[in-house]
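Trainee: This is the content of start.csv (CSV, C-alpha atoms):
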```
chain,number,residue,atom,x,y,z
A,238,MET,CA,43.4,-60.9,-37.1
A,239,ASP,CA,45.1,-63.4,-39.4
A,240,ARG,CA,47.9,-65.1,-37.4
A,241,ILE,CA,49.5,-66.3,-40.7
A,242,GLY,CA,49.9,-62.7,-41.7
A,243,PHE,CA,51.7,-62.0,-38.4
A,244,ILE,CA,54.0,-65.0,-39.2
A,245,ASP,CA,54.8,-63.5,-42.5
A,246,ARG,CA,55.7,-60.1,-41.1
A,247,HIS,CA,57.9,-61.6,-38.3
A,248,ALA,CA,59.7,-63.8,-40.9
A,249,ARG,CA,60.5,-60.9,-43.0
A,250,ALA,CA,61.9,-59.1,-40.0
A,251,LEU,CA,64.7,-61.7,-39.9
A,252,ARG,CA,66.3,-60.4,-43.1
A,253,GLY,CA,69.8,-58.9,-43.1
A,254,HIS,CA,73.4,-60.0,-43.0
A,255,GLY,CA,76.5,-59.3,-40.9
A,256,PHE,CA,79.7,-61.3,-40.1
A,257,TRP,CA,78.7,-62.5,-36.6
A,258,LYS,CA,75.1,-63.1,-37.7
A,259,THR,CA,76.1,-65.4,-40.5
A,260,TRP,CA,79.0,-67.0,-38.6
A,261,CYS,CA,76.7,-68.0,-35.7
A,262,SER,CA,73.5,-68.5,-37.6
A,263,GLY,CA,74.0,-72.3,-38.0
A,264,CYS,CA,74.4,-72.5,-34.3
A,265,LEU,CA,71.5,-70.3,-33.2
A,266,ILE,CA,68.8,-71.3,-35.6
A,267,VAL,CA,68.9,-74.7,-34.0
A,268,LEU,CA,68.1,-73.5,-30.6
A,269,SER,CA,65.9,-70.4,-30.9
A,270,PHE,CA,62.5,-72.2,-31.2
A,271,LEU,CA,60.4,-70.8,-28.3
A,272,SER,CA,56.9,-69.5,-28.7
A,273,PRO,CA,55.9,-66.5,-26.6
A,274,LEU,CA,54.6,-63.1,-27.7
A,275,GLN,CA,57.2,-60.5,-26.9
A,276,ALA,CA,55.0,-58.8,-24.3
A,277,GLU,CA,54.3,-62.1,-22.7
A,278,SER,CA,57.8,-63.4,-22.4
A,279,PRO,CA,60.2,-60.9,-21.0
A,280,ALA,CA,63.8,-61.8,-20.5
A,281,PHE,CA,64.1,-61.8,-16.7
A,282,THR,CA,67.9,-62.1,-16.5
A,283,ARG,CA,70.7,-60.2,-18.1
A,284,PRO,CA,73.2,-61.7,-20.6
A,285,SER,CA,76.4,-62.8,-19.0
A,286,SER,CA,79.9,-63.8,-20.0
A,287,SER,CA,81.2,-64.2,-16.4
A,288,LEU,CA,83.4,-67.0,-15.3
A,289,GLN,CA,80.7,-68.1,-12.8
A,290,SER,CA,78.1,-68.4,-15.6
A,291,ARG,CA,80.5,-70.2,-17.8
A,292,GLN,CA,81.3,-72.7,-15.0
A,293,GLU,CA,77.6,-73.2,-14.3
A,294,ALA,CA,77.0,-73.9,-18.0
A,295,VAL,CA,79.8,-76.5,-18.2
A,296,GLN,CA,78.3,-78.3,-15.2
A,297,LEU,CA,75.1,-78.7,-17.1
A,298,ILE,CA,76.7,-80.7,-19.8
A,299,PRO,CA,76.5,-84.5,-19.0
A,300,LEU,CA,80.0,-85.3,-20.2
A,301,ASP,CA,80.0,-88.6,-18.4
A,302,GLN,CA,77.0,-89.7,-20.6
A,303,LEU,CA,78.7,-88.9,-23.9
A,304,THR,CA,80.9,-91.2,-26.0
A,305,ALA,CA,84.6,-90.6,-25.8
A,306,VAL,CA,84.7,-89.0,-29.2
A,307,LYS,CA,81.9,-86.6,-28.5
A,308,ARG,CA,83.2,-85.8,-25.0
A,309,GLU,CA,86.6,-84.8,-26.5
A,310,LYS,CA,85.1,-82.5,-29.1
A,311,ILE,CA,82.9,-80.8,-26.6
A,312,GLN,CA,85.7,-80.5,-24.0
A,313,LYS,CA,88.1,-78.8,-26.4
A,314,VAL,CA,85.6,-76.0,-27.1
A,315,ILE,CA,84.3,-75.4,-23.6
A,316,ASP,CA,87.8,-75.4,-22.1
A,317,ARG,CA,89.1,-72.7,-24.4
A,318,PRO,CA,86.3,-70.7,-26.0
A,319,SER,CA,87.2,-67.6,-27.9
A,320,VAL,CA,83.8,-66.2,-26.8
A,321,TYR,CA,81.3,-67.4,-24.2
A,322,ARG,CA,77.8,-65.9,-23.7
A,323,ARG,CA,74.8,-66.8,-21.6
A,324,LEU,CA,71.7,-65.4,-23.1
A,325,PRO,CA,68.8,-64.0,-20.9
A,326,VAL,CA,66.2,-66.5,-19.7
A,327,GLN,CA,63.1,-66.4,-21.9
A,328,LEU,CA,59.6,-67.3,-20.8
A,329,THR,CA,57.0,-68.9,-23.1
A,330,ALA,CA,53.5,-70.3,-22.7
A,331,THR,CA,54.2,-72.9,-25.5
A,332,ASP,CA,53.4,-76.6,-25.1
A,333,PRO,CA,56.6,-78.4,-24.0
A,334,LYS,CA,56.1,-81.1,-26.7
A,335,LEU,CA,56.0,-78.5,-29.4
A,336,PHE,CA,59.1,-76.8,-28.1
A,337,THR,CA,61.1,-80.0,-28.0
A,338,PHE,CA,59.9,-80.9,-31.5
A,339,LEU,CA,61.0,-77.6,-33.1
A,340,VAL,CA,64.4,-77.7,-31.3
A,341,ARG,CA,65.1,-81.2,-32.7
A,342,ASN,CA,63.5,-80.4,-36.2
A,343,PRO,CA,64.6,-76.9,-37.1
A,344,GLU,CA,64.0,-77.6,-40.8
A,345,VAL,CA,60.3,-77.0,-40.1
A,346,VAL,CA,60.7,-73.4,-39.2
A,347,ILE,CA,63.5,-72.9,-41.8
A,348,ASN,CA,61.2,-74.1,-44.6
A,349,MET,CA,58.5,-71.7,-43.4
A,350,TRP,CA,61.1,-68.9,-43.7
A,351,GLN,CA,62.0,-70.1,-47.2
A,352,LEU,CA,58.4,-70.0,-48.3
A,353,MET,CA,58.0,-66.5,-47.1
A,354,GLY,CA,61.2,-65.3,-48.7
A,355,ALA,CA,62.8,-64.4,-45.4
A,356,THR,CA,66.0,-66.5,-45.7
A,357,ASN,CA,68.5,-68.0,-48.1
A,358,ILE,CA,69.5,-70.8,-45.7
A,359,LYS,CA,69.9,-74.2,-47.3
A,360,PHE,CA,69.3,-77.1,-44.9
A,361,GLN,CA,70.2,-80.8,-45.4
A,362,ARG,CA,69.4,-83.5,-42.9
A,363,THR,CA,72.3,-85.9,-42.9
A,364,GLY,CA,71.2,-88.2,-40.0
A,365,PRO,CA,68.7,-88.5,-37.2
A,366,TYR,CA,70.8,-86.1,-35.1
A,367,THR,CA,72.9,-84.3,-37.7
A,368,PHE,CA,72.4,-81.8,-40.4
A,369,GLN,CA,74.3,-79.3,-42.6
A,370,MET,CA,73.4,-75.6,-43.2
A,371,ASN,CA,74.5,-73.0,-45.6
A,372,ASP,CA,73.3,-69.4,-45.2
A,373,GLY,CA,74.1,-68.3,-48.8
A,374,ALA,CA,76.4,-65.5,-47.5
A,375,GLY,CA,79.6,-67.4,-46.9
A,376,THR,CA,78.8,-69.5,-43.8
A,377,SER,CA,78.5,-73.3,-43.8
A,378,SER,CA,77.9,-75.4,-40.7
A,379,ARG,CA,77.7,-79.0,-39.7
A,380,VAL,CA,75.5,-79.4,-36.6
A,381,GLU,CA,75.0,-82.4,-34.3
A,382,LEU,CA,72.7,-82.9,-31.4
A,383,VAL,CA,75.0,-84.8,-29.1
A,384,TYR,CA,72.6,-85.0,-26.1
A,385,GLY,CA,68.9,-84.3,-25.7
A,386,THR,CA,66.3,-84.6,-23.0
A,387,PRO,CA,63.2,-82.3,-22.5
A,388,GLU,CA,65.3,-80.4,-19.9
A,389,VAL,CA,68.7,-80.2,-21.6
A,390,HIS,CA,69.9,-80.1,-25.3
A,391,VAL,CA,73.5,-80.0,-26.2
A,392,PHE,CA,74.6,-79.2,-29.8
A,393,TYR,CA,78.0,-79.2,-31.3
A,394,ALA,CA,78.7,-77.3,-34.6
A,395,GLU,CA,81.7,-77.0,-36.9
A,396,GLY,CA,81.8,-74.6,-39.8
A,397,PHE,CA,83.5,-71.9,-41.7
A,398,TYR,CA,83.0,-68.4,-43.0
A,399,ASP,CA,84.3,-67.7,-46.5
A,400,GLY,CA,82.8,-64.4,-47.6
A,401,SER,CA,83.6,-60.8,-48.5
A,402,LEU,CA,83.8,-59.5,-44.9
A,403,LEU,CA,87.1,-61.2,-44.2
A,404,PRO,CA,90.2,-61.7,-46.5
A,405,ARG,CA,90.4,-65.5,-46.0
A,406,ARG,CA,88.4,-68.4,-44.8
A,407,VAL,CA,87.8,-68.6,-41.0
A,408,GLN,CA,87.0,-71.9,-39.4
A,409,GLY,CA,85.3,-72.3,-36.0
A,410,LYS,CA,83.5,-74.6,-33.6
A,411,CYS,CA,80.5,-74.0,-31.3
A,412,VAL,CA,78.9,-75.7,-28.4
A,413,MET,CA,75.3,-74.7,-27.4
A,414,VAL,CA,73.6,-75.7,-24.2
A,415,LEU,CA,69.8,-75.2,-24.0
A,416,THR,CA,68.2,-75.8,-20.6
A,417,THR,CA,64.5,-75.8,-20.1
A,418,GLY,CA,62.3,-75.8,-17.0
A,419,SER,CA,59.1,-74.3,-15.8
A,420,THR,CA,58.1,-71.4,-13.6
A,421,VAL,CA,54.9,-69.9,-12.4
A,422,GLN,CA,54.0,-66.2,-13.0
A,423,GLU,CA,50.7,-64.7,-12.1
A,424,GLY,CA,49.1,-68.1,-11.8
A,425,ARG,CA,50.3,-69.3,-15.1
A,426,THR,CA,52.9,-72.1,-15.7
A,427,LEU,CA,55.4,-71.0,-18.3
A,428,LEU,CA,58.3,-72.7,-20.0
A,429,SER,CA,61.6,-71.1,-19.1
A,430,SER,CA,64.6,-71.6,-21.4
A,431,ARG,CA,68.2,-70.4,-21.3
A,432,LEU,CA,70.9,-70.7,-24.0
A,433,ASP,CA,74.6,-70.8,-23.3
A,434,VAL,CA,76.9,-70.4,-26.3
A,435,PHE,CA,80.6,-71.3,-26.5
A,436,VAL,CA,82.4,-70.2,-29.7
A,437,GLN,CA,86.0,-71.1,-30.7
A,438,ALA,CA,87.8,-69.5,-33.6
A,439,ASP,CA,90.8,-71.3,-35.1
A,440,ARG,CA,93.1,-68.3,-35.8
A,441,LEU,CA,94.7,-66.2,-33.2
A,442,GLY,CA,94.0,-63.0,-35.1
A,443,VAL,CA,90.3,-63.8,-35.4
A,444,GLU,CA,90.2,-64.9,-31.8
A,445,LEU,CA,91.5,-61.4,-30.7
A,446,LEU,CA,89.0,-59.8,-33.1
A,447,ALA,CA,86.2,-61.9,-31.6
A,448,LYS,CA,87.1,-60.7,-28.1
A,449,THR,CA,87.4,-57.1,-29.3
A,450,LEU,CA,83.9,-57.2,-30.9
A,451,HIS,CA,82.4,-59.3,-28.1
A,452,PRO,CA,79.8,-56.7,-27.2
A,453,LEU,CA,78.6,-56.4,-30.8
A,454,MET,CA,78.6,-60.1,-31.3
A,455,GLY,CA,76.6,-60.6,-28.1
A,456,SER,CA,73.9,-58.1,-29.1
A,457,THR,CA,73.6,-59.7,-32.5
A,458,ILE,CA,73.1,-63.1,-31.0
A,459,ASP,CA,70.5,-61.8,-28.6
A,460,LYS,CA,68.6,-60.0,-31.4
A,461,ASN,CA,68.6,-63.1,-33.6
A,462,TYR,CA,67.4,-65.1,-30.6
A,463,SER,CA,64.5,-62.7,-29.8
A,464,ASP,CA,63.6,-62.3,-33.5
A,465,THR,CA,63.1,-66.1,-33.9
A,466,ILE,CA,61.2,-66.2,-30.6
A,467,ARG,CA,58.7,-63.6,-32.0
A,468,PHE,CA,58.3,-65.5,-35.2
A,469,VAL,CA,57.7,-68.9,-33.6
A,470,SER,CA,55.3,-67.3,-31.1
A,471,GLN,CA,52.9,-66.7,-34.0
A,472,VAL,CA,53.3,-70.3,-35.2
A,473,SER,CA,52.3,-71.4,-31.8
A,474,ARG,CA,49.3,-69.1,-31.6
A,475,ALA,CA,48.2,-70.0,-35.1
A,476,THR,CA,48.3,-73.7,-34.1
A,477,THR,CA,45.5,-73.1,-31.6
A,478,GLN,CA,43.7,-70.2,-33.2
A,479,ASN,CA,43.9,-70.7,-37.0
A,480,ARG,CA,44.0,-74.5,-37.6
A,481,ALA,CA,43.2,-74.1,-41.3
A,482,GLY,CA,46.0,-71.7,-41.9
A,483,ILE,CA,48.5,-74.0,-40.2
A,484,GLU,CA,47.3,-77.0,-42.3
A,485,ARG,CA,47.8,-75.0,-45.5
A,486,LEU,CA,51.3,-73.9,-44.4
A,487,THR,CA,52.3,-77.4,-43.3
A,488,ALA,CA,51.2,-78.9,-46.7
A,489,ARG,CA,53.6,-76.5,-48.4
A,490,LEU,CA,56.7,-77.6,-46.5
A,491,ALA,CA,58.3,-79.4,-49.4
A,492,ASN,CA,61.8,-79.3,-48.0
A,493,VAL,CA,60.8,-81.2,-44.9
A,494,ASN,CA,60.9,-85.0,-44.8
A,495,PRO,CA,57.3,-86.3,-45.1
A,496,VAL,CA,57.7,-88.3,-41.9
A,497,VAL,CA,58.7,-85.1,-40.0
A,498,ARG,CA,56.0,-83.1,-41.7
A,499,SER,CA,53.4,-85.7,-40.7
A,500,ARG,CA,54.6,-85.7,-37.1
A,501,PHE,CA,54.4,-81.9,-37.0
A,502,ASN,CA,50.9,-82.0,-38.4
A,503,GLN,CA,49.8,-84.6,-35.8
A,504,LEU,CA,51.2,-82.5,-33.0
A,505,THR,CA,49.5,-79.3,-34.1
A,506,VAL,CA,46.2,-81.2,-34.4
A,507,GLN,CA,46.6,-82.5,-30.9
A,508,LEU,CA,47.4,-79.0,-29.6
A,509,ASN,CA,44.4,-77.5,-31.4
A,510,GLU,CA,42.1,-80.1,-30.0
A,511,SER,CA,43.5,-79.7,-26.5
A,512,SER,CA,43.0,-76.0,-26.7
A,513,ARG,CA,39.4,-76.4,-27.9
A,514,ARG,CA,38.6,-78.8,-25.0
A,515,ALA,CA,40.2,-76.3,-22.5
A,516,SER,CA,38.1,-73.5,-23.9
A,517,ALA,CA,35.0,-75.5,-23.7
A,518,ARG,CA,35.6,-76.3,-20.1
A,519,VAL,CA,36.1,-72.6,-19.3
A,520,ALA,CA,32.9,-71.6,-21.2
A,521,ARG,CA,30.7,-74.3,-19.6
A,522,PRO,CA,28.2,-72.6,-17.3
A,523,LEU,CA,28.0,-73.6,-13.6
A,524,SER,CA,25.0,-75.6,-12.5
A,525,ASP,CA,22.2,-73.6,-10.9
A,526,GLU,CA,21.4,-76.4,-8.5
A,527,PRO,CA,22.8,-75.6,-5.0
A,528,SER,CA,25.2,-78.0,-3.7
A,529,LYS,CA,23.9,-80.4,-1.1
A,530,ARG,CA,25.2,-80.4,2.4
A,531,ARG,CA,25.9,-83.6,4.2
A,532,GLU,CA,23.9,-83.9,7.4
```
Write the structure described by the file as structure tokens, please.
Mentor:
Amino acid sequence: MDRIGFIDRHARALRGHGFWKTWCSGCLIVLSFLSPLQAESPAFTRPSSSLQSRQEAVQLIPLDQLTAVKREKIQKVIDRPSVYRRLPVQLTATDPKLFTFLVRNPEVVINMWQLMGATNIKFQRTGPYTFQMNDGAGTSSRVELVYGTPEVHVFYAEGFYDGSLLPRRVQGKCVMVLTTGSTVQEGRTLLSSRLDVFVQADRLGVELLAKTLHPLMGSTIDKNYSDTIRFVSQVSRATTQNRAGIERLTARLANVNPVVRSRFNQLTVQLNESSRRASARVARPLSDEPSKRRE
């Protein structure tokens, strides 16, 4: 089965618009890069908006390690969010290096979507840790990675919605905390990831609207998250099972900086070679010579 074909179908499943999808897309695209198959990576927690979950998420943010300017921006959002949501934990068998690379370089996946006609998002890298996004449906976002380790990524986003679904422009801010660890299931070590989202609207009326529509907004965020997971799962699989297809796709990423594209290519080559060596070890027959006992 052609894994690139699977990628195309999953990319096209991401089509569609809606106020909360477009308003939050600049935030969520950044953080949704996991790589399990849906059947292999169930969410083993429920979404939550409880005060306890929110307090736990705040504790994960290393405010003492941020500059004063960044700390103030983050604090203003997490102290008074219009909406807070903790998404279910997701499990993935992806390589941690690939996971981290895609979190920090979302333009790679966005350009894949563009090639497949699955999105109208425009992406512009403005610095090593900053970029701008426009979804073509009224939403524009400026996103910054304010803190990043393999275990914790904290993003801050500012943006606005100026489209047909609301009578006037709405501005908002968003803080996203992605935590990553590992867990063992059925003898396999899997990457576990959880996303906490704090959204703050600037107008009281929209803030009340956000709270009224919170269940709808939450389900939309969850669906966007799982849709992206399914898409990137095929990219991950293709990396190890269809090296030629990934090479062709990588060569077409014209909207990705050549340095980033080269790093992605090098990483996928390494993963492919590691997978081949692992398969060879499993396939190697055992020696027929009985083991010698020590006298």
Trainee: Report the distance between atom CA of A:Ala294 and atom CA of A:Pro318 in Å, rounded to one decimal place.
Mentor: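 Atom-to-atom, atom CA of A:Ala294 and atom CA of A:Pro318 are spaced 12.7 Å apart.
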Trainee: Go through A:Gln437, A:Gln361, A:Thr331, A:Gln471 one by one, measure the shortest atom-to-atom distance of each to A:Val407 using only C-alpha atoms, and give the residue with the smallest value.
Mentor: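 Of A:Gln437, A:Gln361, A:Thr331, A:Gln471, the one nearest A:Val407 is A:Gln437, counting only C-alpha atoms.
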Trainee: Using only C-alpha atoms, can you tell me which of A:Cys411, A:Val493, A:Leu324, A:Leu427 comes closest to A:Asn461?
Mentor: A:Leu324
Trainee: Can you pull out the residues contacting A:Asp332? Cut-off 9 Å, using only C-alpha atoms, and skip same-chain residues under 4 positions away; I want them as a list in words.
Mentor: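 Final neighbour list, sorted by chain and number: Ser272, Phe336, Thr337, Leu428, Ser473 and Leu508 of chain A.
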Trainee: With all atoms listed in the file counted and 6 Å as the cut-off, give the residues of stretch 357-378 of chain A in contact with stretch 393-397 of chain A, each with its shortest interatomic distance in Å and the pair that gives it, as a tab-separated table.
Mentor:
```
residue	atom	partner	partner_atom	distance
A:Thr376	CA	A:Phe397	CA	5.7
A:Ser377	CA	A:Gly396	CA	5.3
A:Ser378	CA	A:Gly396	CA	4.1
```
Trainee: Which neighbours of A:Val295 fall inside 9 Å, counting all atoms listed in the file, when residues of the same chain fewer than 4 positions from it are skipped, and could you give them as JSON, numbers by chain?
Mentor: {"A": [290, 291, 299, 315, 316, 414]}
Trainee: I'd like the interatomic distance between atom CA of A:Gly482 and atom CA of A:Asn371, to a tenth of an Å.
Mentor: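 So the two atoms, atom CA of A:Gly482 and atom CA of A:Asn371, lie 28.8 Å apart.
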Trainee: If we count all atoms listed in the file, what is near A:Val380 at a cut-off of 10 Å, once residues fewer than 3 positions away on the same chain are taken out, given as a PDB file with C-alpha atoms, in the frame of the given file?
Mentor:
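Saved to out-v6.pdb:
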```pdb
ATOM      1  CA  GLY A 263      74.000 -72.300 -38.000  1.00  0.00           C
ATOM      2  CA  CYS A 264      74.400 -72.500 -34.300  1.00  0.00           C
ATOM      3  CA  VAL A 267      68.900 -74.700 -34.000  1.00  0.00           C
ATOM      4  CA  ARG A 362      69.400 -83.500 -42.900  1.00  0.00           C
ATOM      5  CA  THR A 363      72.300 -85.900 -42.900  1.00  0.00           C
ATOM      6  CA  TYR A 366      70.800 -86.100 -35.100  1.00  0.00           C
ATOM      7  CA  THR A 367      72.900 -84.300 -37.700  1.00  0.00           C
ATOM      8  CA  PHE A 368      72.400 -81.800 -40.400  1.00  0.00           C
ATOM      9  CA  GLN A 369      74.300 -79.300 -42.600  1.00  0.00           C
ATOM     10  CA  MET A 370      73.400 -75.600 -43.200  1.00  0.00           C
ATOM     11  CA  SER A 377      78.500 -73.300 -43.800  1.00  0.00           C
ATOM     12  CA  VAL A 383      75.000 -84.800 -29.100  1.00  0.00           C
ATOM     13  CA  PHE A 392      74.600 -79.200 -29.800  1.00  0.00           C
ATOM     14  CA  TYR A 393      78.000 -79.200 -31.300  1.00  0.00           C
ATOM     15  CA  ALA A 394      78.700 -77.300 -34.600  1.00  0.00           C
ATOM     16  CA  GLU A 395      81.700 -77.000 -36.900  1.00  0.00           C
ATOM     17  CA  GLY A 396      81.800 -74.600 -39.800  1.00  0.00           C
ATOM     18  CA  LYS A 410      83.500 -74.600 -33.600  1.00  0.00           C
ATOM     19  CA  CYS A 411      80.500 -74.000 -31.300  1.00  0.00           C
ATOM     20  CA  VAL A 412      78.900 -75.700 -28.400  1.00  0.00           C
TER      21      VAL A 412
END
```
Trainee: What separation in Å, quoted to one decimal, exists between atom CA of A:Ser512 and atom CA of A:Thr465?
Mentor: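 Going from atom CA of A:Ser512 over to atom CA of A:Thr465, I get 23.5 Å.
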Trainee: Need the shell around A:Ile347: protein/DNA/RNA residues with any atom at most 9 Å away, counting only C-alpha atoms. Skip same-chain ones fewer than 2 positions apart. Format as a list in words?
Mentor: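 Counting only C-alpha atoms, the residues come to Ile266, Pro343, Glu344, Val345, Met349, Trp350, Gln351, Leu352, Thr356, Ile358, Lys359 and Phe360 of chain A.
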Trainee: For A:Asp433, which residue out of A:Gln507, A:Thr416, A:Asn342, A:Gln312 is the nearest one, using all atoms listed in the file?
Mentor: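 Answer, going by the shortest atom-to-atom distance: A:Thr416.
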Trainee: Might you pull out every residue within 6 Å of A:Val434, with all atoms listed in the file counted and same-chain residues fewer than 3 positions away left off, and present them as a PDB file with C-alpha atoms, in the coordinates of the input?
Mentor:
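Everything below was put into selection_29.pdb:
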```pdb
ATOM      1  CA  TYR A 321      81.300 -67.400 -24.200  1.00  0.00           C
ATOM      2  CA  ARG A 322      77.800 -65.900 -23.700  1.00  0.00           C
ATOM      3  CA  MET A 413      75.300 -74.700 -27.400  1.00  0.00           C
TER       4      MET A 413
END
```
Trainee: So, counting all atoms listed in the file, which residue among A:Glu423, A:Ala491, A:Thr505, A:Ala305 is closest to A:Gln478?
Mentor: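 The answer is A:Thr505, which sits nearest to A:Gln478.
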Trainee: Under the rule that all atoms listed in the file are counted, which of A:Arg498, A:Ile311, A:Val389, A:Thr476 is the nearest residue to A:Glu510?
Mentor: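 Using all atoms listed in the file, A:Glu510 sits closest to A:Thr476.
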